[in-house]
Each structure stands twice: as structure tokens, then as C-alpha cells.
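Q: Would you mind keeping the following structure in view while I ask a few things?
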Amino acid sequence: MERIVIFGATSGIARAVAEEFLAQGDELLLVGRSADALKILARDLEVLGGGKPVPWFIWDVLDFEGHAFRFRELISTHDVKGLFMAAGVLIPQKDCDADPAKTTLTFNSNLTGPAAVMGLFAEYFKEKRSGFISCLSSVAGDRGRGSITAYAASKAGLSAYLEGLANRIQHDGVLIQTVKPGYVRTAMTEGLQSMLIASPAKVARDIVKAIRCRREMIYTPFYWRYIMGVIRLIPESIFRKLGL
Ligand SMILES: NC(=O)c1ccc[n+]([C@@H]2O[C@H](COP(=O)([O-])OP(=O)(O)OC[C@H]3O[C@@H](n4cnc5c(N)ncnc54)[C@H](OP(=O)(O)O)[C@@H]3O)[C@@H](O)[C@H]2O)c1
């Protein structure tokens with residue numbers, strides 16, 4: 001039985017994506033760093049899926065020494081047809097400025113950790129000549145951002161990594177998909193007020209549909225493509241004054 005790995009399964013967006021896959025009959029494997037949270041989520045999804053068991057697996061994206069071992073352990077017990085990568089953190093820039101360890105944590109959680117994990121799955125899918133990796137990057141990575149400098153740079157790096165991965169293995173039957181959400185209502189954006197904020201369910205529908213259509217890059221909701229198109233055209237001297 002082939003499963004879709006949901007990495008960072010406790011994320012607000014990932015949970016909605018898991019529900020969408022489940023509704024379409026897919027089998028899942030939930031991955032995260034907290035056994036308690038995964039157990040609760042697995043039970044909820046099991047009920048939603050009509051009693052079908054949903055297994056879970058502990059894996060911390062920051063466990064660099066353990067990645068190869070965890071990966072081998074996972075694929076020796078499960079047949080995998082796709083990876084949805086959602087792990088990430090948004091640490092306020094002022095905290096990164098006050099403590100360089102927070103900048104390092106931002107890059108390791110959003111870029112180097114996910115890249116190390118996705119690299120292992122990419123080789124596995126390449127060997128199988130099938131499969132997909134869909135990863136949550138962000139519109140924030142489309143420009144250098146003063147207000148969220150470390151977060152935006154980590155997402156810019158992540159988008160570039162995914163583009164490179166796609167270029168490398170696109171002829172091997174593997175889909176590498178970069179997802180660039182705008183604002184989504186989750187724990188990460190708690191307290192944020194914006195007319196543009198989308199529900200995780202809406203974003204999840206877009207993502208799963210785009211995987212079925214084998215699209216390599218999506219903005220979600222769709223209008224962020226146009227917003228970012230305009231934002232990318234703003235000259236640096238003006239962009240700087242906007243304080244974004
Ligand atoms: N919400 C937005 O507006 C928005 C917009 C654009 C992109 N994104 C991206 O979407 C992704 C999901 O975000 P979200 O909004 O759903 O936020 P969220 O609910 O805060 O989810 C973040 C997820 O990352 C996991 N995570 C963090 N560090 C980890 C680690 N060391 N190992 C394993 N998992 C780890 C968290 O696990 P724990 O539960 O164990 O902490 C949680 O599952 C992130 O990459 C984020 O940057 C979000």
C-alpha cells in the first residue's frame with residue numbers, strides 16, 4: 001500500500017492537506033517531532049477516514065545526524081508515493097537580531113533541514129521513476145524583506161533548492177512542486193489581521209489539485225501570483241521605503 005508522507009503533519013496547512021488527501025482515498029503517513037500531537041492527529045484523521053488506521057512516525061527536521069537512518073527506517077516499513085513537506089518556523093526578526101541562534105534555527109528549520117530530508121526522498125523517487133515532492137515555500141521568499149529578513153531569505157533559498165531539484169530530476173517521472181502560499185490562517189499567523197488571509201482548507205484544495213495536475217509551481221490563493229508580480233517590479237529604492 002503506497003502512502004503519502006506528510007512531514008510537519010501538525011502544521012495547520014498540512015493537517016488540511018492530509019484531510020484533502022484522505023477525502024480522495026489516499027493512504028497517509030504522518031511525520032513530526034511530537035508523539036503526543038501526532039497521536040491525537042492520527043486519531044482525528046482515522047475517524048474522518050471511516051476508521052482506516054493512520055500511522056505516524058517521529059522525525060525532527062533538525063536531526064541532521066539522524067536523517068539517513070530515519071529515512072531508511074521509514075522506507076523499510078512503508079511504501080511511499082509522495083512527500084508533502086510543511087515543516088517550518090517564523091521567528092520574529094527582532095528575536096533573530098537579538099540572538100544569532102534564532103537566525104540559525106530559522107535557516108535550519110526552513111531550508112537546510114527540509115532540503116536534507118527532501119534530497120533523500122528525491123533519490124528514492126528517482127530510483128522508482130515515480131512519486132512527488134510538494135513543499136511549502138512562501139511568497140515571502142520572492143524578495144529580500146526587511147521586516148522578516150531571515151524567514152524570507154530561508155524561503156528564497158528553499159524555492160531555489162526546489163527549482164534545482166526539479167531541473168535535476170524532472171526527466172525521471174518525479175514531480176517536484178514549489179508551493180508559495182500568501183497569508184494562511186494557522187498558528188504561525190496567529191493575531192494577523194488581513195483581508196487577504198486564506199483558510200488552510202482553501203490552500204489545501206489548491207495544493208492537492210496542483211499535485212494531480214503535476215504543476216511544478218503554484219501561488220495559493222491564485223491572486224498572489226499577480227500581487228507578487230507587481231511587488232517584484234517595484235524598484236528597490238521604493239520597496240525599501242515600504243518597510244515590508
Ligand atoms: N501560515 C502562513 O501564512 C504561511 C504562508 C506561507 C508559507 N507558510 C509555510 O507553511 C509551512 C506550514 O506553516 P503553518 O502556517 O501550517 O504553520 P504551523 O501550524 O506553525 O506549522 C509549522 C509546522 O512545522 C513543524 N516544525 C517546526 N519545526 C520542526 C522540526 N524541527 N521538525 C519537524 N517539524 C517541525 C511544526 O511542528 P510542531 O507542531 O512540532 O511545532 C508544525 O507542524 C511553513 O513552512 C510555513 O513557513 C505558511
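Identifiers in the C-alpha cells: chain A, B, ... in order shown; residue index from 1 per chain; ligand index from 1 in order shown.
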Give me, as a list in words, all polymer residues having an atom no more than 6 Å from Ser137 (chain A), counting only C-alpha atoms and skipping those fewer than 6 positions away in the same chain.
A: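 Neighbouring residues, sequence-local ones excluded: Lys155, Val179 and Lys180 of chain A.
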Q: Do you know which residues are within 7 Å of ligand 1 using only C-alpha atoms and all ligand atoms? Can you write them as a ChimeraX atom specification?
A: /A:7-14,32-34,59-62,86-90,109-110,136-139,180-189
Q: What's the 12 Å shell around Arg212 (chain A), counting only C-alpha atoms, without same-chain residues fewer than 3 positions away, as a VMD selection string?
A: chain A and resid 21 24 82 131 to 132 134 175 177 205 to 209 215 to 216
Q: Enumerate, as a ChimeraX atom specification, the complete set of residues in region 180-221 of chain A that a backbone-based DSSP assignment places in strand (DSSP E).
A: /A:180-181,217-220
Q: Between CA of Ala204 (chain A) and CA of Leu111 (chain A), what is the spacing in Å?
A: 21.5 Å
